[in-house]
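Asker: Okay, so here is target.txt, and as you'll see once you scroll down, it has compact mmCIF, C-alpha atoms.
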# COMPACT_ATOMS: atom_id res chain seq x y z
CA VAL A 1354 -25.14 -10.42 2.56
CA THR A 1355 -24.85 -10.43 -1.24
CA ALA A 1356 -23.35 -8.06 -3.74
CA SER A 1357 -25.88 -5.67 -5.23
CA PRO A 1358 -26.79 -6.42 -8.85
CA GLY A 1359 -25.43 -3.07 -9.94
CA SER A 1360 -21.98 -3.49 -8.44
CA SER A 1361 -19.20 -3.35 -11.00
CA ILE A 1362 -17.12 -6.42 -11.67
CA GLY A 1363 -14.09 -6.71 -9.48
CA ARG A 1364 -15.23 -3.92 -7.20
CA ALA A 1365 -16.01 -4.99 -3.65
CA ASP A 1366 -19.53 -4.13 -2.61
CA ALA A 1367 -19.52 -1.85 0.41
CA THR A 1368 -21.71 -4.15 2.45
CA ALA A 1369 -20.52 -7.52 1.21
CA ALA A 1370 -16.80 -7.15 1.61
CA LEU A 1371 -16.48 -6.83 5.36
CA GLN A 1372 -13.70 -9.34 5.68
CA PRO A 1373 -10.12 -8.12 5.77
CA VAL A 1374 -7.69 -9.34 3.12
CA ALA A 1375 -5.21 -11.64 4.88
CA LEU A 1376 -2.09 -11.28 2.75
CA ARG A 1377 -0.49 -14.56 3.81
CA ASP A 1378 -3.67 -16.51 3.12
CA LYS A 1379 -3.88 -14.96 -0.33
CA LEU A 1380 -0.22 -15.75 -1.02
CA ALA A 1381 -0.87 -19.41 -0.20
CA ARG A 1382 -3.39 -19.58 -3.04
CA PHE A 1383 -1.02 -19.19 -5.99
CA ALA A 1384 2.50 -20.32 -6.82
CA ASP A 1385 3.55 -18.88 -10.17
CA HIS A 1386 6.21 -16.20 -10.43
CA TRP A 1387 5.82 -12.77 -12.07
CA ALA A 1388 2.04 -13.16 -12.19
CA PRO A 1389 0.50 -10.45 -9.97
CA ARG A 1390 -2.86 -11.16 -8.35
CA VAL A 1391 -5.24 -8.35 -7.39
CA VAL A 1392 -6.43 -8.49 -3.77
CA ALA A 1393 -8.11 -5.09 -3.37
CA GLU A 1394 -8.94 -1.85 -5.11
CA LEU A 1395 -8.49 1.66 -3.79
CA ASN A 1396 -10.25 4.19 -6.00
CA ASP A 1397 -8.69 3.55 -9.45
CA TYR A 1398 -5.66 1.81 -7.96
CA GLN A 1399 -5.14 -1.91 -7.51
CA VAL A 1400 -3.39 -3.67 -4.66
CA LYS A 1401 -1.62 -6.78 -5.95
CA LEU A 1402 0.47 -9.61 -4.60
CA VAL A 1403 3.30 -11.08 -6.60
CA LYS A 1404 5.86 -13.87 -6.17
CA LEU A 1405 9.25 -13.05 -7.62
CA GLN A 1406 12.15 -15.34 -8.35
CA GLY A 1407 15.04 -14.76 -10.71
CA ASP A 1408 15.25 -11.72 -12.98
CA PHE A 1409 12.26 -9.90 -14.46
CA VAL A 1410 12.76 -7.69 -17.56
CA TRP A 1411 14.05 -4.15 -17.89
CA HIS A 1412 11.08 -1.83 -18.37
CA ARG A 1413 9.59 1.48 -17.36
CA HIS A 1414 6.15 2.95 -16.72
CA ASP A 1415 6.00 6.38 -18.31
CA ASP A 1416 2.71 7.43 -16.74
CA THR A 1417 2.91 6.23 -13.17
CA ASP A 1418 4.96 5.52 -10.08
CA GLU A 1419 4.84 1.95 -8.77
CA MET A 1420 5.00 0.92 -5.11
CA PHE A 1421 6.60 -2.28 -3.83
CA LEU A 1422 6.37 -3.57 -0.25
CA VAL A 1423 8.18 -6.79 0.64
CA ILE A 1424 5.98 -9.19 2.60
CA GLU A 1425 8.45 -12.05 2.79
CA GLY A 1426 12.00 -12.59 1.56
CA GLU A 1427 14.32 -10.17 -0.17
CA MET A 1428 14.34 -8.52 -3.57
CA GLU A 1429 16.23 -5.95 -5.57
CA ILE A 1430 14.97 -3.14 -7.73
CA ALA A 1431 17.82 -2.25 -10.05
CA PHE A 1432 18.18 0.92 -12.09
CA ARG A 1433 20.84 1.41 -14.74
CA ASP A 1434 23.04 3.25 -12.23
CA ALA A 1435 22.00 1.92 -8.83
CA THR A 1436 20.31 -0.93 -6.99
CA VAL A 1437 17.81 -0.80 -4.14
CA ARG A 1438 17.77 -3.84 -1.84
CA LEU A 1439 14.52 -4.53 0.00
CA ARG A 1440 13.95 -6.89 2.90
CA GLU A 1441 10.71 -7.85 4.64
CA GLY A 1442 8.86 -4.72 5.74
CA ASP A 1443 10.73 -2.48 3.30
CA LEU A 1444 8.87 -0.29 0.84
CA PHE A 1445 10.05 1.51 -2.29
CA VAL A 1446 8.32 3.63 -4.90
CA VAL A 1447 9.77 3.35 -8.40
CA PRO A 1448 9.45 6.80 -9.98
CA ARG A 1449 7.56 7.05 -13.26
CA GLY A 1450 9.69 6.90 -16.37
CA ARG A 1451 12.65 5.23 -14.62
CA GLU A 1452 13.86 2.08 -16.32
CA HIS A 1453 14.17 -0.71 -13.78
CA ILE A 1454 14.27 -4.45 -13.27
CA THR A 1455 13.11 -6.48 -10.29
CA ARG A 1456 15.12 -9.48 -9.10
CA ALA A 1457 15.11 -12.04 -6.32
CA LYS A 1458 17.71 -14.75 -5.74
CA ARG A 1459 15.24 -16.77 -3.70
CA GLU A 1460 11.47 -16.55 -3.92
CA CYS A 1461 10.21 -13.25 -2.56
CA HIS A 1462 6.62 -12.14 -1.90
CA ALA A 1463 5.71 -8.53 -2.45
CA LEU A 1464 2.72 -6.23 -2.47
CA ILE A 1465 2.42 -3.83 -5.40
CA ILE A 1466 0.19 -0.79 -5.66
CA GLU A 1467 -0.32 1.00 -8.96
CA PRO A 1468 -3.20 2.37 -11.04
CA ARG A 1469 -5.59 -0.16 -12.59
CA GLY A 1470 -4.51 -1.16 -16.09
CA VAL A 1471 -0.74 -0.86 -15.71
CA ALA A 1472 1.09 -3.68 -17.51
CA ASN A 1473 3.67 -5.40 -15.33
CA THR A 1474 6.23 -5.24 -18.14
CA GLY A 1475 5.57 -1.56 -18.90
CA ASP A 1476 7.02 -0.45 -22.24
CA ALA A 1477 8.91 -3.72 -22.73
CA GLY A 1478 6.04 -6.17 -23.21
CA GLY A 1479 7.02 -9.73 -24.03
CA ARG A 1480 6.32 -13.15 -22.64
CA LEU A 1481 6.33 -12.08 -18.97
CA THR A 1482 3.41 -9.69 -19.53
CA ALA A 1483 0.74 -10.83 -17.08
CA PRO A 1484 -3.02 -10.72 -17.62
CA GLN A 1485 -4.94 -7.83 -16.07
CA ASP A 1486 -7.44 -8.23 -13.26
CA ALA A 1487 -6.40 -11.68 -12.10
CA TRP A 1488 -7.89 -11.67 -8.60
CA VAL A 1489 -7.03 -14.06 -5.83
CA VAL B 1073 24.28 11.78 -4.93
CA THR B 1074 22.29 14.98 -4.31
CA ALA B 1075 18.76 16.07 -5.07
CA SER B 1076 18.49 18.16 -8.21
CA PRO B 1077 17.73 21.86 -7.59
CA GLY B 1078 14.46 21.54 -9.45
CA SER B 1079 13.03 18.69 -7.43
CA SER B 1080 9.72 19.50 -5.78
CA ILE B 1081 9.42 19.59 -2.02
CA GLY B 1082 8.33 16.32 -0.48
CA ARG B 1083 8.82 14.45 -3.72
CA ALA B 1084 11.66 11.97 -3.70
CA ASP B 1085 14.24 12.80 -6.31
CA ALA B 1086 14.69 9.90 -8.69
CA THR B 1087 18.40 9.69 -8.10
CA ALA B 1088 18.63 10.68 -4.46
CA ALA B 1089 16.06 8.43 -2.90
CA LEU B 1090 17.58 5.04 -3.54
CA GLN B 1091 17.11 3.77 -0.03
CA PRO B 1092 14.07 1.67 0.77
CA VAL B 1093 11.66 2.83 3.46
CA ALA B 1094 12.06 0.43 6.39
CA LEU B 1095 8.64 0.56 8.02
CA ARG B 1096 9.76 -0.65 11.46
CA ASP B 1097 12.60 1.88 11.56
CA LYS B 1098 10.17 4.65 10.69
CA LEU B 1099 7.72 3.47 13.35
CA ALA B 1100 10.47 3.68 15.97
CA ARG B 1101 10.80 7.40 15.28
CA PHE B 1102 7.47 8.61 16.64
CA ALA B 1103 5.23 7.67 19.53
CA ASP B 1104 2.03 9.72 19.38
CA HIS B 1105 -1.30 8.14 18.53
CA TRP B 1106 -3.64 9.19 15.71
CA ALA B 1107 -0.92 11.30 14.11
CA PRO B 1108 -0.13 9.81 10.68
CA ARG B 1109 3.38 10.28 9.29
CA VAL B 1110 4.05 10.27 5.55
CA VAL B 1111 6.81 7.86 4.49
CA ALA B 1112 6.42 7.84 0.70
CA GLU B 1113 4.41 9.24 -2.19
CA LEU B 1114 2.97 7.34 -5.12
CA ASN B 1115 1.73 9.72 -7.81
CA ASP B 1116 -0.78 11.91 -5.92
CA TYR B 1117 -1.19 9.37 -3.12
CA GLN B 1118 0.60 9.30 0.20
CA VAL B 1119 1.78 6.27 2.14
CA LYS B 1120 1.51 6.94 5.87
CA LEU B 1121 2.24 5.16 9.11
CA VAL B 1122 0.02 5.61 12.13
CA LYS B 1123 -0.07 4.36 15.70
CA LEU B 1124 -3.56 3.71 17.00
CA GLN B 1125 -4.73 3.18 20.55
CA GLY B 1126 -8.23 3.60 21.91
CA ASP B 1127 -11.12 4.92 19.84
CA PHE B 1128 -10.77 7.42 16.98
CA VAL B 1129 -13.84 9.43 15.88
CA TRP B 1130 -16.73 8.48 13.61
CA HIS B 1131 -16.15 10.06 10.21
CA ARG B 1132 -16.30 9.45 6.48
CA HIS B 1133 -14.38 10.47 3.37
CA ASP B 1134 -16.88 11.36 0.67
CA ASP B 1135 -14.34 11.56 -2.15
CA THR B 1136 -12.02 8.64 -1.61
CA ASP B 1137 -11.48 5.09 -0.46
CA GLU B 1138 -8.87 4.61 2.29
CA MET B 1139 -6.57 1.61 2.65
CA PHE B 1140 -5.35 0.20 5.97
CA LEU B 1141 -2.68 -2.49 6.38
CA VAL B 1142 -1.80 -3.67 9.88
CA ILE B 1143 1.97 -3.82 10.44
CA GLU B 1144 1.84 -4.79 14.11
CA GLY B 1145 -0.95 -5.50 16.57
CA GLU B 1146 -4.68 -5.62 16.00
CA MET B 1147 -7.29 -3.03 15.15
CA GLU B 1148 -10.95 -2.72 14.30
CA ILE B 1149 -12.64 -0.69 11.62
CA ALA B 1150 -16.25 -0.36 12.70
CA PHE B 1151 -19.16 0.68 10.54
CA ARG B 1152 -22.62 1.46 11.92
CA ASP B 1153 -23.78 -2.07 11.10
CA ALA B 1154 -20.62 -4.20 11.14
CA THR B 1155 -17.06 -4.43 12.39
CA VAL B 1156 -13.93 -5.55 10.54
CA ARG B 1157 -11.16 -7.00 12.71
CA LEU B 1158 -7.63 -6.75 11.34
CA ARG B 1159 -4.53 -8.54 12.55
CA GLU B 1160 -0.92 -8.19 11.42
CA GLY B 1161 -0.71 -8.64 7.67
CA ASP B 1162 -4.40 -7.89 7.12
CA LEU B 1163 -5.51 -5.21 4.72
CA PHE B 1164 -8.87 -3.47 4.31
CA VAL B 1165 -10.12 -0.70 2.04
CA VAL B 1166 -12.77 1.54 3.58
CA PRO B 1167 -15.15 2.50 0.75
CA ARG B 1168 -15.67 6.18 0.09
CA GLY B 1169 -18.65 7.72 1.83
CA ARG B 1170 -18.91 4.97 4.47
CA GLU B 1171 -19.01 6.29 8.01
CA HIS B 1172 -16.46 4.43 10.12
CA ILE B 1173 -14.35 4.53 13.25
CA THR B 1174 -10.96 2.93 13.89
CA ARG B 1175 -10.19 1.37 17.26
CA ALA B 1176 -7.42 -0.56 18.97
CA LYS B 1177 -7.52 -1.96 22.49
CA ARG B 1178 -3.72 -2.09 22.59
CA GLU B 1179 -1.36 -0.01 20.51
CA CYS B 1180 -1.50 -1.00 16.87
CA HIS B 1181 0.71 0.12 13.98
CA ALA B 1182 -0.81 0.48 10.55
CA LEU B 1183 0.05 1.68 7.08
CA ILE B 1184 -2.49 3.93 5.38
CA ILE B 1185 -2.67 4.83 1.69
CA GLU B 1186 -4.94 7.58 0.45
CA PRO B 1187 -4.75 10.60 -1.84
CA ARG B 1188 -2.62 13.52 -0.69
CA GLY B 1189 -4.64 16.09 1.26
CA VAL B 1190 -7.18 13.77 2.88
CA ALA B 1191 -7.91 14.78 6.48
CA ASN B 1192 -7.67 11.88 8.91
CA THR B 1193 -10.96 12.91 10.54
CA GLY B 1194 -12.79 13.31 7.22
CA ASP B 1195 -16.07 15.19 7.56
CA ALA B 1196 -15.93 15.15 11.36
CA GLY B 1197 -12.95 17.42 12.02
CA GLY B 1198 -12.20 18.17 15.66
CA ARG B 1199 -9.24 17.88 17.96
CA LEU B 1200 -7.92 14.64 16.48
CA THR B 1201 -7.44 16.23 13.06
CA ALA B 1202 -3.76 15.73 12.26
CA PRO B 1203 -1.53 18.10 10.31
CA GLN B 1204 -0.90 17.34 6.65
CA ASP B 1205 2.47 16.34 5.25
CA ALA B 1206 4.15 15.34 8.50
CA TRP B 1207 6.96 13.16 7.18
CA VAL B 1208 9.02 10.76 9.18
Could I get this file's structure written as structure tokens?
Answerer:
Amino acid sequence: VTASPGSSIGRADATAALQPVALRDKLARFADHWAPRVVAELNDYQVKLVKLQGDFVWHRHDDTDEMFLVIEGEMEIAFRDATVRLREGDLFVVPRGREHITRAKRECHALIIEPRGVANTGDAGGRLTAPQDAWV
Amino acid sequence: VTASPGSSIGRADATAALQPVALRDKLARFADHWAPRVVAELNDYQVKLVKLQGDFVWHRHDDTDEMFLVIEGEMEIAFRDATVRLREGDLFVVPRGREHITRAKRECHALIIEPRGVANTGDAGGRLTAPQDAWV
């Protein structure tokens, strides 16, 4: 089974992609922190995996909510006036326009879902801005 | 902390909803099969939990992809010409327009993400059609 010639780049062909995405297998294939990898697409949304350790940067996404689901470890999503603590199997949706920072004392693995094209650093930019469409 | 009077129904208020969604706690709060419960919203998408056992119905969603992530147990997503087997921690996106059926020999718990308003039975309808916006 091969992808049809007309299939768009990065989009799984309906017939070709009949293997599930094993999250733990995908996580074993990269090691860098704050560098999300795309594992699937859902309409115009991307499903990404990320490894977090330390503090990210304060930022916000004015045009979209952003979902986090912890696969392994623990992380925090801090707002200016409150902090959400997530453990394995916990999910949280950061509301659009809310300034936040993600943090993890020890390495944490999370799944992120957000529209295609969203920069990980939002309005802040800077050196932690990850490339788009890095698949694993 | 209270929800602001202007917050829309079913939409988490930015200040009020600073607790993560613990998927296993939510799963402990309902027992029926094929009856998805909404646990979060992400823009115009809903994050749902469902308990599957036995065979669902053949159906398709002409307007949207549909994401499944197995939280506990094992399930199958069958197409007319192939079957995808998912175990805990496996994810699969059913492409729009593809007729499929979900199955689980033993009870399986899964997370589903799809746009708000999508009927679980798609084009097929029938007695397994679940109500919309059943939150847990």
Asker: Determine which residues of chain B sit within 6 Å of chain A, taking into account only C-alpha atoms, and present them as a VMD selection string.
Answerer: chain B and resid 1090 1092 to 1095 1114 to 1115 1137 1156 1161 to 1164
Asker: What's around Gly1198 (chain B) at 9 Å? Count all atoms listed in the file, leave out sequence neighbours fewer than 3 positions away in its own chain, and write the answer as a PyMOL selection string.
Answerer: chain B and resi 1129+1193+1201
Asker: If you superpose chain A onto chain B over the full set of Cα atoms in sequence order, what number do you get for the RMSD in Å?
Answerer: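 C-alpha RMSD, chain A fitted to chain B: 0.2 Å.
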Asker: State, in Å with one decimal place, the distance from CA of Gln1204 (chain B) to CA of Leu1183 (chain B).
Answerer: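 Between CA of Gln1204 (chain B) and CA of Leu1183 (chain B) the gap is 15.7 Å.
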Asker: I'd like the interatomic distance between CA of Ala1107 (chain B) and CA of Gly1197 (chain B), to a tenth of an Å.
Answerer: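 Spanning CA of Ala1107 (chain B) to CA of Gly1197 (chain B) is a straight-line distance of 13.7 Å.
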Asker: Which distance in Å separates CA of Ala1206 (chain B) and CA of Ala1100 (chain B), to one decimal?
Answerer: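 Interatomic distance, CA of Ala1206 (chain B) to CA of Ala1100 (chain B): 15.2 Å.
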Asker: From the set A:Asp1476, A:Glu1427, A:Glu1460, A:Asp1486, which residue has the shortest atom-to-atom contact distance to Trp1387 (chain A), counting all atoms listed in the file?
Answerer: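 Ranking A:Asp1476, A:Glu1427, A:Glu1460, A:Asp1486 by distance to Trp1387 (chain A), first place goes to A:Glu1460.
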Asker: Find, counting all atoms listed in the file, the residue in B:His1131, B:Arg1152, B:His1172, B:Lys1177 that gets nearest to Ala1196 (chain B).
Answerer: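 Answer, going by the shortest atom-to-atom distance: B:His1131.
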Asker: Listed atoms of region 1139-1144 of chain B, axis-aligned box, 6 Å per side: centre and edge lengths to one decimal in Å, as AutoDock Vina command-line options?
Answerer:
--center_x -2.3 --center_y -1.6 --center_z 8.4 --size_x 20.5 --size_y 18.4 --size_z 23.5
Asker: Which residues, protein or nucleic acid, reach to within 7 Å of (-12.1, 12.0, 5.6) in the file's coordinates when using all atoms listed in the file, and can you give that as a PyMOL selection string?
Answerer: chain B and resi 1131-1134+1190-1195
Asker: Which of these, B:Val1122, B:Leu1099, B:Ala1176, B:Val1110, has the shortest distance to Trp1207 (chain B) once you count all atoms listed in the file?
Answerer: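 For Trp1207 (chain B), the nearest of the given residues is B:Val1110.
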Asker: Do a neighbour search on Leu1402 (chain A) at 6 Å with all atoms listed in the file, toss out local chain neighbours closer than 2 positions, and write the hits as a PDB file with C-alpha atoms, in the frame of the given file.
Answerer:
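In the end it all went to result-v6.pdb:
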ATOM      1  CA  PRO A1389       0.500 -10.450  -9.970  1.00  0.00           C
ATOM      2  CA  ARG A1390      -2.860 -11.160  -8.350  1.00  0.00           C
ATOM      3  CA  ALA A1463       5.710  -8.530  -2.450  1.00  0.00           C
ATOM      4  CA  LEU A1464       2.720  -6.230  -2.470  1.00  0.00           C
TER       5      LEU A1464
END
